[in-house]
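*Asks:* Below: one structure in C-alpha cells.
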Amino acid sequence: GLLAWRLGENRDPQAQFGRRVQKCITQDHPYTRLPSLWSILRLNFSKAGEIFNESVRNPRDWTFVLVGKLPAKDVLLPMLETYLGSIPNRSEGPNAYALGSSDVQREIAVRQAVKPLEIKFPLKIVREEV
C-alpha cells in the first residue's frame, strides 16, 4: 500500500529528482513535503477514516467549484440539478439545515479567514547538484 509505494519512491531516481526540484521551487515549504516513513507507520487509518467520513457526511457543507469552459446556463443548470441534486443529505432533526443569519455570518467569516499559502518562487536561478 502506501508504505510500499513510499519505499519504492525512495529508490526511484526520477522521483528523487522531482522531489529535489519541488524542494527548490517551494523553498521546502512544510505544506509541500511528503510524509516521512515514520509518520506513515504511526498513522492510525481508522481514525483518519473517521475524520474523513465526518468531514464529508453532509453534502450541504460542500462547496463545488466548476472551472473550464462550461456549457450555457440553460444546459448547465439541468445537469447540476440532476447530478448534484441527487446527492442525498443526512438530516439530524426537522430543522437541521435551517440557516439563521448568525450561521450565514459565521460561514462568511470562516471563508474570509482562509489565507493563501505563502509560497514564493526563487527570484534567481537555483543550482543544486542532484
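Within each chain, counting starts at residue 1; across the C-alpha cells, chains are named A, B, ... in the order shown, with ligands numbered 1 upward in that order.
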Would you mind writing down, as a list in words, each residue of segment 29-97 of chain A that DSSP on the backbone assigns to alpha helix (DSSP H)?
*Replies:*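 Those in segment 29-97 of chain A that DSSP calls alpha helix (DSSP H) are Leu37, Trp38, Ser39, Ile40, Leu41, Arg42, Phe45, Ser46, Lys47, Ala48, Gly49, Glu50, Ile51, Phe52, Asn53, Glu54, Ser55, Val56, Lys73, Asp74, Val75, Leu76, Leu77, Pro78, Met79, Leu80, Glu81, Thr82 and Tyr83 of chain A.
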*Asks:* Store the residues picked out above in a file with N, CA, C and O atoms, as a compact mmCIF listing (two decimals), in the first residue's frame.
*Replies:*
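The resulting file, part-v3.txt, is shown below:
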```
# COMPACT_ATOMS: atom_id res chain seq x y z
N LEU A 37 8.49 8.24 6.31
CA LEU A 37 8.14 6.84 6.53
C LEU A 37 7.66 6.63 7.97
O LEU A 37 6.73 5.87 8.21
N TRP A 38 8.28 7.32 8.91
CA TRP A 38 7.89 7.20 10.31
C TRP A 38 6.46 7.69 10.52
O TRP A 38 5.68 7.06 11.24
N SER A 39 6.09 8.79 9.89
CA SER A 39 4.72 9.30 10.08
C SER A 39 3.70 8.37 9.42
O SER A 39 2.58 8.24 9.91
N ILE A 40 4.08 7.69 8.34
CA ILE A 40 3.17 6.72 7.72
C ILE A 40 2.99 5.52 8.64
O ILE A 40 1.88 5.02 8.81
N LEU A 41 4.09 5.07 9.26
CA LEU A 41 4.00 3.94 10.18
C LEU A 41 3.13 4.27 11.39
O LEU A 41 2.44 3.41 11.92
N ARG A 42 3.17 5.50 11.85
CA ARG A 42 2.41 5.91 13.04
C ARG A 42 0.96 6.24 12.71
O ARG A 42 0.16 6.46 13.62
N PHE A 45 -5.11 4.56 10.55
CA PHE A 45 -6.01 4.62 9.40
C PHE A 45 -7.48 4.63 9.82
O PHE A 45 -8.31 5.23 9.15
N SER A 46 -7.80 3.99 10.93
CA SER A 46 -9.19 4.00 11.41
C SER A 46 -9.60 5.41 11.80
O SER A 46 -10.68 5.89 11.43
N LYS A 47 -8.75 6.09 12.55
CA LYS A 47 -9.04 7.47 12.97
C LYS A 47 -9.09 8.40 11.76
O LYS A 47 -9.97 9.27 11.67
N ALA A 48 -8.14 8.21 10.83
CA ALA A 48 -8.14 9.04 9.62
C ALA A 48 -9.43 8.84 8.82
O ALA A 48 -10.02 9.79 8.31
N GLY A 49 -9.89 7.59 8.75
CA GLY A 49 -11.15 7.30 8.06
C GLY A 49 -12.34 7.95 8.74
O GLY A 49 -13.24 8.47 8.08
N GLU A 50 -12.35 7.91 10.07
CA GLU A 50 -13.44 8.56 10.82
C GLU A 50 -13.47 10.06 10.56
O GLU A 50 -14.53 10.65 10.35
N ILE A 51 -12.29 10.70 10.59
CA ILE A 51 -12.21 12.14 10.35
C ILE A 51 -12.70 12.47 8.95
O ILE A 51 -13.47 13.41 8.74
N PHE A 52 -12.26 11.68 7.97
CA PHE A 52 -12.69 11.93 6.60
C PHE A 52 -14.20 11.75 6.46
O PHE A 52 -14.88 12.62 5.89
N ASN A 53 -14.73 10.66 6.99
CA ASN A 53 -16.17 10.41 6.87
C ASN A 53 -16.99 11.49 7.55
O ASN A 53 -18.03 11.89 7.06
N GLU A 54 -16.51 11.98 8.68
CA GLU A 54 -17.22 13.06 9.38
C GLU A 54 -17.21 14.35 8.55
O GLU A 54 -18.20 15.09 8.51
N SER A 55 -16.10 14.60 7.87
CA SER A 55 -15.99 15.86 7.12
C SER A 55 -16.82 15.85 5.84
O SER A 55 -17.16 16.91 5.33
N VAL A 56 -17.13 14.68 5.30
CA VAL A 56 -17.89 14.63 4.04
C VAL A 56 -19.29 14.06 4.22
O VAL A 56 -19.96 13.81 3.23
N LYS A 73 -25.89 28.39 -19.52
CA LYS A 73 -26.63 28.27 -18.26
C LYS A 73 -27.86 27.37 -18.40
O LYS A 73 -28.14 26.55 -17.53
N ASP A 74 -28.57 27.50 -19.52
CA ASP A 74 -29.78 26.68 -19.70
C ASP A 74 -29.46 25.20 -19.88
O ASP A 74 -30.29 24.34 -19.62
N VAL A 75 -28.24 24.86 -20.26
CA VAL A 75 -27.80 23.47 -20.36
C VAL A 75 -27.18 23.01 -19.04
O VAL A 75 -27.40 21.88 -18.60
N LEU A 76 -26.43 23.90 -18.40
CA LEU A 76 -25.71 23.55 -17.18
C LEU A 76 -26.63 23.33 -15.99
O LEU A 76 -26.44 22.36 -15.24
N LEU A 77 -27.61 24.19 -15.79
CA LEU A 77 -28.47 24.06 -14.61
C LEU A 77 -29.20 22.72 -14.52
O LEU A 77 -29.22 22.10 -13.45
N PRO A 78 -29.80 22.22 -15.61
CA PRO A 78 -30.43 20.89 -15.50
C PRO A 78 -29.42 19.79 -15.17
O PRO A 78 -29.74 18.85 -14.43
N MET A 79 -28.20 19.90 -15.67
CA MET A 79 -27.18 18.90 -15.36
C MET A 79 -26.82 18.96 -13.88
O MET A 79 -26.68 17.92 -13.21
N LEU A 80 -26.65 20.17 -13.34
CA LEU A 80 -26.34 20.30 -11.92
C LEU A 80 -27.48 19.77 -11.06
O LEU A 80 -27.24 19.11 -10.05
N GLU A 81 -28.71 20.09 -11.44
CA GLU A 81 -29.85 19.59 -10.68
C GLU A 81 -29.93 18.07 -10.72
O GLU A 81 -30.28 17.43 -9.73
N THR A 82 -29.57 17.48 -11.85
CA THR A 82 -29.62 16.02 -11.98
C THR A 82 -28.52 15.36 -11.17
O THR A 82 -28.78 14.45 -10.38
N TYR A 83 -27.28 15.82 -11.35
CA TYR A 83 -26.15 15.11 -10.75
C TYR A 83 -25.85 15.56 -9.32
O TYR A 83 -25.60 14.74 -8.45
```
*Asks:* Identify which of the residues A:Thr32, A:Gln14, A:Thr63, A:Ser102 lies closest to Leu117 of chain A, counting only C-alpha atoms when measuring atom-to-atom distances.
*Replies:* A:Thr32
*Asks:* Skipping near chain neighbours, those fewer than 6 positions away, what residues fall within 12 Å of Val21 of chain A using only C-alpha atoms, listed as a PyMOL selection string?
*Replies:* chain A and resi 14-15+27-28+32-33+121-122+125-130
*Asks:* Between atom CA of Asn89 of chain A and atom CA of Pro59 of chain A, what is the spacing in Å?
*Replies:*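 That distance, rounded to one decimal, is 5.9 Å.
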*Asks:* Name all residues at most 7 Å from Thr26 of chain A (count only C-alpha atoms; drop same-chain ones fewer than 2 positions away) and give them as a compact mmCIF listing (two decimals) with all heavy atoms, in the first residue's frame.
*Replies:*
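Writing done, so here's result37.txt:
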```
# COMPACT_ATOMS: atom_id res chain seq x y z
N GLN A 22 11.01 20.12 -6.54
CA GLN A 22 9.90 20.65 -5.74
C GLN A 22 10.42 21.40 -4.52
O GLN A 22 9.92 22.47 -4.17
CB GLN A 22 8.99 19.50 -5.30
CG GLN A 22 7.78 19.92 -4.53
CD GLN A 22 6.71 20.52 -5.40
OE1 GLN A 22 6.79 20.50 -6.62
NE2 GLN A 22 5.71 21.09 -4.77
N LYS A 23 11.45 20.86 -3.89
CA LYS A 23 12.03 21.50 -2.71
C LYS A 23 12.64 22.85 -3.07
O LYS A 23 12.49 23.84 -2.33
CB LYS A 23 13.09 20.57 -2.12
CG LYS A 23 13.64 21.02 -0.80
CD LYS A 23 14.60 19.96 -0.26
CE LYS A 23 15.14 20.36 1.08
NZ LYS A 23 16.03 19.34 1.64
N CYS A 24 13.30 22.93 -4.22
CA CYS A 24 13.89 24.21 -4.66
C CYS A 24 12.82 25.23 -5.01
O CYS A 24 12.91 26.39 -4.62
CB CYS A 24 14.78 23.98 -5.87
SG CYS A 24 16.29 23.10 -5.52
N ASP A 28 11.15 24.49 0.22
CA ASP A 28 10.90 23.47 1.24
C ASP A 28 9.78 23.87 2.19
O ASP A 28 9.87 23.67 3.40
CB ASP A 28 12.18 23.14 2.01
CG ASP A 28 12.11 21.79 2.69
OD1 ASP A 28 11.33 20.95 2.24
OD2 ASP A 28 12.82 21.60 3.69
N HIS A 29 8.70 24.41 1.65
CA HIS A 29 7.55 24.79 2.47
C HIS A 29 6.94 23.52 3.08
O HIS A 29 6.80 22.50 2.41
CB HIS A 29 6.51 25.51 1.61
CG HIS A 29 5.47 26.22 2.41
ND1 HIS A 29 4.41 25.56 2.97
CD2 HIS A 29 5.35 27.52 2.76
CE1 HIS A 29 3.66 26.42 3.63
NE2 HIS A 29 4.21 27.62 3.52
N ILE A 119 3.86 30.74 -0.57
CA ILE A 119 4.94 30.06 -1.28
C ILE A 119 5.52 31.04 -2.28
O ILE A 119 4.83 31.52 -3.17
CB ILE A 119 4.42 28.79 -2.00
CG1 ILE A 119 3.89 27.80 -0.98
CG2 ILE A 119 5.53 28.17 -2.84
CD1 ILE A 119 3.30 26.56 -1.57
N LYS A 120 6.78 31.35 -2.11
CA LYS A 120 7.45 32.30 -3.00
C LYS A 120 8.41 31.52 -3.89
O LYS A 120 9.21 30.72 -3.41
CB LYS A 120 8.19 33.34 -2.19
CG LYS A 120 7.25 34.17 -1.34
CD LYS A 120 8.00 35.18 -0.53
CE LYS A 120 6.97 35.95 0.31
NZ LYS A 120 7.51 36.49 1.51
N PHE A 121 8.34 31.79 -5.17
CA PHE A 121 9.25 31.13 -6.09
C PHE A 121 10.60 31.85 -6.05
O PHE A 121 10.67 33.05 -5.78
CB PHE A 121 8.68 31.15 -7.51
CG PHE A 121 7.52 30.21 -7.66
CD1 PHE A 121 6.22 30.63 -7.46
CD2 PHE A 121 7.73 28.88 -7.98
CE1 PHE A 121 5.16 29.77 -7.58
CE2 PHE A 121 6.68 28.00 -8.10
CZ PHE A 121 5.39 28.44 -7.90
```
